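Novice: Structure supplied as start.csv; contents: CSV, C-alpha atoms.
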chain,number,residue,atom,x,y,z
A,1215,MET,CA,70.1,97.4,91.6
A,1216,SER,CA,68.1,94.2,92.5
A,1217,LYS,CA,65.2,94.4,94.9
A,1218,LEU,CA,67.2,92.4,97.5
A,1219,TYR,CA,69.9,95.1,97.6
A,1220,LYS,CA,67.7,98.2,97.3
A,1221,ASP,CA,69.2,99.0,100.7
A,1222,PRO,CA,72.6,97.3,100.5
A,1223,ILE,CA,73.8,98.6,103.9
A,1224,GLY,CA,70.6,97.5,105.5
A,1225,THR,CA,71.0,94.1,103.9
A,1226,ALA,CA,74.5,93.9,105.3
A,1227,GLU,CA,73.3,94.9,108.8
A,1228,ASN,CA,70.7,92.1,108.6
A,1229,ALA,CA,73.4,89.6,107.6
A,1230,ALA,CA,75.5,90.8,110.5
A,1231,LYS,CA,72.6,90.4,112.9
A,1232,GLU,CA,72.1,86.8,111.7
A,1233,LEU,CA,75.8,86.1,112.1
A,1234,ARG,CA,75.7,87.2,115.7
A,1235,LYS,CA,72.8,84.7,116.3
A,1236,ILE,CA,74.6,81.8,114.6
A,1237,THR,CA,78.0,82.4,116.3
A,1238,LYS,CA,76.7,83.8,119.6
A,1239,LYS,CA,79.5,86.4,119.3
A,1240,GLU,CA,78.6,90.0,119.7
A,1241,LYS,CA,81.3,91.2,117.3
A,1242,HIS,CA,84.1,90.0,115.1
A,1243,ASP,CA,87.4,92.0,114.9
A,1244,VAL,CA,88.9,91.0,111.6
A,1245,ALA,CA,87.7,89.4,108.4
A,1246,LEU,CA,89.5,87.3,105.8
A,1247,VAL,CA,88.2,86.7,102.3
A,1248,MET,CA,89.9,83.7,100.7
A,1249,GLY,CA,90.5,83.7,96.9
A,1250,SER,CA,90.9,81.0,94.3
A,1251,GLY,CA,93.0,78.2,95.7
A,1252,TRP,CA,93.5,79.9,99.0
A,1253,ILE,CA,90.8,77.9,101.0
A,1254,SER,CA,93.1,75.3,102.4
A,1255,ALA,CA,95.3,78.1,103.9
A,1256,ALA,CA,92.6,78.7,106.4
A,1257,GLU,CA,93.5,75.3,108.0
A,1258,ALA,CA,96.5,77.0,109.6
A,1259,LEU,CA,94.1,79.1,111.7
A,1260,GLY,CA,93.2,76.1,113.7
A,1261,ILE,CA,89.7,74.7,114.5
A,1262,PRO,CA,86.9,77.2,113.9
A,1263,THR,CA,84.3,77.7,116.6
A,1264,HIS,CA,81.6,77.8,113.9
A,1265,GLU,CA,81.3,76.8,110.2
A,1266,PHE,CA,78.2,77.2,108.1
A,1267,SER,CA,77.0,77.9,104.5
A,1268,VAL,CA,77.3,81.5,103.3
A,1269,THR,CA,73.6,81.2,102.1
A,1270,ASP,CA,72.6,80.9,105.8
A,1271,LEU,CA,73.1,84.7,105.9
A,1272,PRO,CA,70.7,87.1,104.2
A,1273,GLY,CA,71.9,88.5,100.8
A,1274,PHE,CA,74.5,85.8,99.9
A,1275,PRO,CA,74.1,83.9,96.6
A,1276,ALA,CA,75.4,80.3,96.3
A,1277,PRO,CA,78.9,80.1,94.9
A,1278,THR,CA,79.3,79.3,91.2
A,1279,VAL,CA,83.1,79.3,90.7
A,1280,SER,CA,85.4,76.3,91.0
A,1281,GLY,CA,87.8,76.8,94.0
A,1282,HIS,CA,85.3,78.9,96.0
A,1283,GLY,CA,83.8,77.0,98.9
A,1284,GLY,CA,80.8,79.0,99.9
A,1285,LYS,CA,81.4,78.5,103.6
A,1286,VAL,CA,81.8,81.0,106.5
A,1287,ARG,CA,84.0,80.2,109.5
A,1288,SER,CA,84.3,82.0,112.8
A,1289,TYR,CA,87.6,81.6,114.8
A,1290,ASN,CA,88.8,82.8,118.1
A,1291,LEU,CA,92.5,83.5,117.7
A,1292,ASN,CA,94.9,83.6,120.7
A,1293,ASN,CA,91.8,83.7,122.9
A,1294,SER,CA,91.7,87.4,122.1
A,1295,ILE,CA,90.1,88.3,118.8
A,1296,ASN,CA,87.3,86.9,116.7
A,1297,ALA,CA,88.1,86.3,113.1
A,1298,LEU,CA,85.5,85.9,110.3
A,1299,VAL,CA,86.6,83.9,107.3
A,1300,PHE,CA,84.8,83.7,104.0
A,1301,LEU,CA,85.8,80.7,102.0
A,1302,GLY,CA,85.2,82.1,98.5
A,1303,ARG,CA,83.6,85.2,97.1
A,1304,THR,CA,81.2,86.4,94.4
A,1305,HIS,CA,82.9,88.0,91.3
A,1306,PHE,CA,81.6,90.8,89.1
A,1307,TYR,CA,81.9,88.6,86.0
A,1308,GLU,CA,79.2,86.3,87.4
A,1309,GLY,CA,76.6,88.9,86.2
A,1310,LEU,CA,74.8,89.4,89.5
A,1311,GLY,CA,75.7,93.1,89.8
A,1312,MET,CA,78.1,94.8,92.2
A,1313,GLU,CA,76.1,94.5,95.4
A,1314,PRO,CA,76.7,90.7,95.9
A,1315,VAL,CA,80.4,91.2,95.1
A,1316,VAL,CA,80.8,93.5,98.1
A,1317,HIS,CA,78.1,92.1,100.4
A,1318,ALA,CA,80.6,90.0,102.4
A,1319,VAL,CA,82.9,92.8,103.4
A,1320,ARG,CA,80.0,95.1,104.2
A,1321,THR,CA,78.6,92.4,106.4
A,1322,ALA,CA,82.0,92.0,108.1
A,1323,VAL,CA,82.3,95.7,108.8
A,1324,LYS,CA,78.7,95.8,110.2
A,1325,ALA,CA,79.7,92.8,112.4
A,1326,GLY,CA,82.4,94.9,114.0
A,1327,CYS,CA,85.5,94.1,111.8
A,1328,ARG,CA,88.0,96.9,111.9
A,1329,ALA,CA,90.4,95.3,109.4
A,1330,ILE,CA,89.6,93.3,106.2
A,1331,VAL,CA,92.1,91.0,104.6
A,1332,LEU,CA,91.5,90.2,101.0
A,1333,THR,CA,93.4,87.4,99.2
A,1334,ASN,CA,93.3,86.5,95.5
A,1335,ALA,CA,94.9,84.4,92.8
A,1336,CYS,CA,96.4,86.6,90.1
A,1337,GLY,CA,98.5,86.8,86.9
A,1338,GLY,CA,102.0,88.1,87.2
A,1339,ILE,CA,102.7,91.0,84.9
A,1340,ASN,CA,106.0,92.0,86.5
A,1341,THR,CA,108.5,89.5,85.1
A,1342,ASP,CA,110.4,89.5,88.4
A,1343,TYR,CA,107.5,87.6,90.0
A,1344,LYS,CA,107.5,83.8,90.2
A,1345,VAL,CA,104.6,81.4,90.2
A,1346,GLY,CA,103.7,80.7,93.9
A,1347,GLN,CA,104.9,84.1,95.1
A,1348,PRO,CA,102.7,86.2,97.4
A,1349,VAL,CA,102.7,89.9,96.7
A,1350,ILE,CA,101.2,92.7,98.9
A,1351,ILE,CA,98.9,95.0,97.0
A,1352,LYS,CA,100.0,98.7,97.5
A,1353,ASP,CA,97.7,100.3,95.0
A,1354,HIS,CA,95.3,99.4,92.1
A,1355,ILE,CA,94.1,100.3,88.7
A,1356,SER,CA,90.5,99.5,87.9
A,1357,LEU,CA,89.7,98.7,84.3
A,1358,THR,CA,86.1,97.7,84.9
A,1359,ALA,CA,84.5,101.1,84.8
A,1360,ALA,CA,82.4,100.0,87.8
A,1361,SER,CA,82.2,101.0,91.4
A,1362,PRO,CA,80.5,99.6,94.5
A,1363,LEU,CA,79.6,103.2,95.6
A,1364,ILE,CA,76.5,104.9,94.3
A,1365,GLY,CA,75.6,108.6,94.3
A,1366,ALA,CA,77.7,111.5,95.7
A,1367,ASP,CA,79.8,109.2,97.9
A,1368,PHE,CA,83.2,110.8,97.4
A,1369,VAL,CA,85.7,108.5,99.2
A,1370,ASP,CA,89.4,109.2,99.3
A,1371,LEU,CA,91.4,106.2,98.2
A,1372,THR,CA,94.9,107.6,98.7
A,1373,ASP,CA,95.6,105.1,101.5
A,1374,LEU,CA,93.1,102.5,100.5
A,1375,TYR,CA,95.6,99.7,101.1
A,1376,SER,CA,96.6,100.5,104.7
A,1377,LYS,CA,100.3,101.4,105.1
A,1378,ARG,CA,100.0,100.4,108.8
A,1379,LEU,CA,98.8,96.9,107.9
A,1380,ARG,CA,101.3,96.5,105.1
A,1381,GLU,CA,104.1,97.3,107.6
A,1382,ILE,CA,102.8,94.6,110.0
A,1383,VAL,CA,103.0,92.0,107.2
A,1384,LYS,CA,106.5,93.2,106.1
A,1385,ALA,CA,107.7,92.9,109.7
A,1386,GLU,CA,106.7,89.2,109.6
A,1387,ASP,CA,108.3,88.6,106.2
A,1388,SER,CA,110.6,91.3,104.9
A,1389,THR,CA,111.0,89.4,101.6
A,1390,LEU,CA,107.5,90.1,100.4
A,1391,ALA,CA,107.2,92.4,97.4
A,1392,GLU,CA,104.6,95.1,97.0
A,1393,GLY,CA,102.8,95.7,93.7
A,1394,VAL,CA,100.1,97.5,91.8
A,1395,TYR,CA,97.1,95.3,91.0
A,1396,VAL,CA,94.8,95.7,88.0
A,1397,HIS,CA,91.1,94.7,88.3
A,1398,TRP,CA,89.9,93.0,85.1
A,1399,ARG,CA,86.3,92.2,84.8
A,1400,GLY,CA,86.7,88.7,83.2
A,1401,PRO,CA,85.8,85.9,82.9
A,1402,ALA,CA,87.9,85.9,79.8
A,1403,TYR,CA,91.6,86.3,80.6
A,1404,GLU,CA,93.5,89.2,79.2
A,1405,THR,CA,95.1,89.3,75.8
A,1406,PRO,CA,98.9,89.7,75.4
A,1407,ALA,CA,98.2,93.2,74.0
A,1408,GLU,CA,96.1,94.1,77.0
A,1409,ILE,CA,98.8,92.9,79.4
A,1410,LYS,CA,101.3,95.1,77.5
A,1411,MET,CA,99.0,98.0,78.0
A,1412,MET,CA,98.7,97.2,81.8
A,1413,ARG,CA,102.5,97.0,82.1
A,1414,THR,CA,102.8,100.4,80.4
A,1415,LEU,CA,100.3,101.8,82.9
A,1416,GLY,CA,102.5,100.6,85.8
A,1417,ALA,CA,100.7,97.4,86.8
A,1418,ASP,CA,102.5,94.4,88.4
A,1419,LEU,CA,99.5,92.0,88.8
A,1420,VAL,CA,96.1,91.4,87.2
A,1421,GLY,CA,93.1,89.6,88.6
A,1422,MET,CA,89.3,89.6,88.7
A,1423,SER,CA,88.4,90.5,92.3
A,1424,THR,CA,89.5,92.4,95.4
A,1425,VAL,CA,89.2,96.1,94.2
A,1426,PRO,CA,85.4,96.5,94.7
A,1427,GLU,CA,85.6,94.8,98.1
A,1428,ALA,CA,88.5,97.0,99.1
A,1429,ILE,CA,86.6,100.2,98.1
A,1430,ALA,CA,83.3,99.2,99.8
A,1431,ALA,CA,84.9,98.2,103.1
A,1432,HIS,CA,87.2,101.3,103.1
A,1433,ALA,CA,84.1,103.5,102.5
A,1434,LEU,CA,82.6,102.0,105.7
A,1435,GLY,CA,85.8,102.8,107.7
A,1436,ALA,CA,87.7,99.6,107.7
A,1437,GLU,CA,91.4,99.2,107.1
A,1438,ILE,CA,92.3,97.1,104.1
A,1439,LEU,CA,95.1,94.6,103.6
A,1440,ALA,CA,95.3,92.7,100.3
A,1441,ILE,CA,97.6,89.9,99.3
A,1442,SER,CA,97.8,88.4,95.8
A,1443,LEU,CA,99.2,85.0,95.1
A,1444,VAL,CA,100.9,84.8,91.6
A,1445,THR,CA,99.4,81.6,90.2
A,1446,ASN,CA,100.4,82.1,86.6
A,1447,ALA,CA,102.4,84.5,84.4
A,1448,ALA,CA,100.0,86.9,82.7
A,1449,ALA,CA,99.1,86.4,79.0
A,1450,GLY,CA,102.0,86.9,76.6
A,1451,VAL,CA,104.7,86.9,79.4
A,1452,THR,CA,105.7,83.3,78.7
A,1453,GLY,CA,103.7,82.4,75.6
A,1454,GLU,CA,101.8,79.7,77.5
A,1455,LYS,CA,98.0,79.6,77.5
A,1456,LEU,CA,96.1,80.3,80.7
A,1457,ASN,CA,94.1,77.7,82.5
A,1458,HIS,CA,91.8,78.1,85.6
A,1459,ALA,CA,92.6,74.6,86.8
A,1460,GLU,CA,96.2,75.4,86.9
A,1461,VAL,CA,95.4,78.6,88.8
A,1462,ILE,CA,93.7,76.6,91.5
A,1463,ALA,CA,96.5,74.1,91.6
A,1464,ALA,CA,99.2,76.7,92.0
A,1465,GLY,CA,97.2,78.3,94.8
A,1466,LYS,CA,96.9,75.1,96.7
A,1467,ALA,CA,100.6,74.4,96.3
A,1468,ALA,CA,101.4,77.7,98.1
A,1469,ALA,CA,98.6,77.3,100.7
A,1470,ASP,CA,100.7,76.1,103.6
A,1471,GLN,CA,103.1,79.0,103.3
A,1472,MET,CA,100.3,81.6,103.1
A,1473,GLY,CA,98.3,80.0,105.9
A,1474,LYS,CA,101.2,80.2,108.3
A,1475,LEU,CA,101.7,83.9,107.4
A,1476,LEU,CA,98.0,84.7,107.9
A,1477,ALA,CA,97.9,82.9,111.2
A,1478,ARG,CA,100.8,85.1,112.5
A,1479,ILE,CA,99.5,88.4,111.2
A,1480,LEU,CA,95.7,88.2,111.8
A,1481,PRO,CA,95.9,88.6,115.7
A,1482,LYS,CA,98.2,91.7,115.1
A,1483,LEU,CA,95.8,93.6,112.9
What does the file become when written as C-alpha cells?

Specialist:
Amino acid sequence: MSKLYKDPIGTAENAAKELRKITKKEKHDVALVMGSGWISAAEALGIPTHEFSVTDLPGFPAPTVSGHGGKVRSYNLNNSINALVFLGRTHFYEGLGMEPVVHAVRTAVKAGCRAIVLTNACGGINTDYKVGQPVIIKDHISLTAASPLIGADFVDLTDLYSKRLREIVKAEDSTLAEGVYVHWRGPAYETPAEIKMMRTLGADLVGMSTVPEAIAAHALGAEILAISLVTNAAAGVTGEKLNHAEVIAAGKAAADQMGKLLARILPKL
C-alpha cells in the first residue's frame, strides 16, 4: 500500500470533505461512475451545478486511459437529490495498486451516497447479446485474485448487486437482460480459450473494472447497481480481433439510449 493510502478510508474522508467545499453541498445522495465510451451519456442528466478535475480532490491520480475524462460533476436532479458523477475511473491494470481503483466509490460513500451506479464497456460472452446492448450485472466472477479489502474484513456478497435497484431499472425497461460479469485484470484482452473457460464457469460478460469498486462500496454500506454495455463480442466468439478504439466507438453510439435510462432511474434510487 502506498504512503498516500496508508489510511484509505481517511483519504476518502478527506476527499469527501474537499468535495463539500467545492460544491457547497453538505452531502450527495447517489454516485455514478462512467465507463469507457459512456461519458457522453452524462449529458442526458442536464447541466451540472459543478464540474472540476478529479485531481482537485485528494487521492485521485490523473487519468491515463483513452475514453476516460478525469472530471467530476455534481448535479441536482429533480430539485430533490444530489448526484455525483465521475467521468472515468482508475483501473487495476494501470499498476497503481487497488486503492486508487476504489478511491472514487469510497469518497462517494463518505460524501453521503447511499447508492452507487457503476457502468462499464464489456465483451459479450453470451452469444445472445448484441453489440450496443446494455446488460444489468446480477453477479460476478473475479479472476484477478485481488480484493480491495484488507485484513479480517469478512463482507457478505450474496446481494452485492442490489435486487431492489435492479428491479427499479427493470421497471423502467423490462427488456433489459441480467448477466454474470467476469473481472479480468487486463490490459491484454482475453484469449479465445480463456473466454471458453469463462463461458463454462457461467459468465455472460467480461471486462476490466467494476468488481473492486462494487465490493469496496458495498463494504461501506452502499447499495450497488452495475450496468454493462456490450461494445464487442468477446475473443473467439466471432473470430474478429479486439480493438480499444472500436470499444469506445460502440459505447458512444449507445450513449443517448443509456443516458436517457440513467436520467430516469437515478432520482428513484

Novice: With distances taken over only C-alpha atoms, which residue among A:Leu1371, A:Ala1297, A:Met1411, A:Ala1417 lies nearest His1264 (chain A)?

Specialist: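 Counting only C-alpha atoms, the residue closest to His1264 (chain A) is A:Ala1297.
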
Novice: Restricting the calculation to only C-alpha atoms, which member of A:Ala1226, A:Ile1429, A:Leu1218, A:Leu1415 is positioned closest to Asp1373 (chain A)?

Specialist: A:Ile1429

Novice: Of the residues A:Pro1406, A:Gly1326, A:Gly1416, A:Gly1284, which is the one nearest to Gly1249 (chain A), using all atoms listed in the file?

Specialist: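 Under the stated criterion, the closest residue is A:Gly1284.
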
Novice: Of the residues A:Thr1372, A:Thr1341, A:Thr1333, A:Thr1321, which is the one nearest to Phe1274 (chain A), using only C-alpha atoms?

Specialist: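 Nearest to Phe1274 (chain A): A:Thr1321.
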
Novice: What gap, in Å, lies between CA of Pro1314 (chain A) and CA of Lys1235 (chain A)?

Specialist: 21.6 Å

Novice: Which polymer residues have any atom within 8 Å of an atom of Gly1421 (chain A), counting only C-alpha atoms, with same-chain residues fewer than 5 positions away left out, as a PDB file with C-alpha atoms, in the coordinates of the input?

Specialist:
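selection_14.pdb written:
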ATOM      1  CA  ASN A1334      93.300  86.500  95.500  1.00  0.00           C
ATOM      2  CA  ALA A1335      94.900  84.400  92.800  1.00  0.00           C
ATOM      3  CA  CYS A1336      96.400  86.600  90.100  1.00  0.00           C
ATOM      4  CA  GLY A1337      98.500  86.800  86.900  1.00  0.00           C
ATOM      5  CA  TYR A1395      97.100  95.300  91.000  1.00  0.00           C
ATOM      6  CA  VAL A1396      94.800  95.700  88.000  1.00  0.00           C
ATOM      7  CA  HIS A1397      91.100  94.700  88.300  1.00  0.00           C
ATOM      8  CA  TRP A1398      89.900  93.000  85.100  1.00  0.00           C
TER       9      TRP A1398
END

Novice: So, with only C-alpha atoms as the atoms that count, which of A:Thr1237, A:Ser1388, A:Thr1358, A:Asn1290 lies closest to Leu1259 (chain A)?

Specialist: A:Asn1290

Novice: Excluding Ala1468 (chain A) and residues on its chain fewer than 3 positions from it, collect all residues at most 10 Å away from it, counting all atoms listed in the file, and give them as a list of chain:residue names.

Specialist: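 Near neighbours after the sequence-gap exclusion: A:Gly1251, A:Trp1252, A:Ser1254, A:Ala1255, A:Val1345, A:Gly1346, A:Gln1347, A:Pro1348, A:Leu1443, A:Val1444, A:Thr1445, A:Ala1463, A:Ala1464, A:Gly1465, A:Gln1471, A:Met1472, A:Gly1473.
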
Novice: Counting all atoms listed in the file, which of A:Ile1351, A:Leu1310, A:Ile1261, A:Val1451 gets nearest to Ala1391 (chain A)?

Specialist: A:Ile1351

Novice: Would you mind reading off the distance between CA of Leu1301 (chain A) and CA of Val1286 (chain A), one decimal, in Å?

Specialist: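 If I compute the distance from CA of Leu1301 (chain A) to CA of Val1286 (chain A), I get 6.0 Å.
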
Novice: Could you state the separation of CA of Ile1364 (chain A) and CA of Val1394 (chain A) in Å, given to one decimal place?

Specialist: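 Straight-line distance from CA of Ile1364 (chain A) to CA of Val1394 (chain A) works out to 24.9 Å.
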
Novice: So that I can check the surroundings of Gly1338 (chain A), please list as number ranges by chain every protein, DNA and RNA residue that reaches within 7 Å of it, counting all atoms listed in the file and ignoring chain neighbours fewer than 2 positions away.

Specialist: A: 1336, 1340-1341, 1343, 1418-1420, 1444, 1446-1448

Novice: Taking only residues of region 1221-1271 of chain A that have an atom at most 12 Å from an atom of region 1327-1330 of chain A, what is each one's shortest atom pair and its distance in Å to one decimal, using all atoms listed in the file, in chain and number order, as JSON lines?

Specialist:
{"residue": "A:Ala1230", "atom": "CA", "partner": "A:Cys1327", "partner_atom": "CA", "distance": 10.6}
{"residue": "A:Glu1240", "atom": "CA", "partner": "A:Cys1327", "partner_atom": "CA", "distance": 11.3}
{"residue": "A:Lys1241", "atom": "CA", "partner": "A:Cys1327", "partner_atom": "CA", "distance": 7.5}
{"residue": "A:His1242", "atom": "CA", "partner": "A:Cys1327", "partner_atom": "CA", "distance": 5.4}
{"residue": "A:Asp1243", "atom": "CA", "partner": "A:Cys1327", "partner_atom": "CA", "distance": 4.2}
{"residue": "A:Val1244", "atom": "CA", "partner": "A:Cys1327", "partner_atom": "CA", "distance": 4.6}
{"residue": "A:Ala1245", "atom": "CA", "partner": "A:Ile1330", "partner_atom": "CA", "distance": 4.9}
{"residue": "A:Leu1246", "atom": "CA", "partner": "A:Ile1330", "partner_atom": "CA", "distance": 6.0}
{"residue": "A:Val1247", "atom": "CA", "partner": "A:Ile1330", "partner_atom": "CA", "distance": 7.8}
{"residue": "A:Met1248", "atom": "CA", "partner": "A:Ile1330", "partner_atom": "CA", "distance": 11.1}

Novice: Hey, what's within 12 Å of Ser1361 (chain A) if we count all atoms listed in the file and toss same-chain stuff fewer than 6 positions away? As a list of chain:residue names, please?

Specialist: A:Phe1306, A:Gly1311, A:Met1312, A:Glu1313, A:Val1315, A:Val1316, A:Asp1367, A:Phe1368, A:Val1369, A:His1397, A:Arg1399, A:Thr1424, A:Val1425, A:Pro1426, A:Glu1427, A:Ala1428, A:Ile1429, A:Ala1430, A:Ala1433
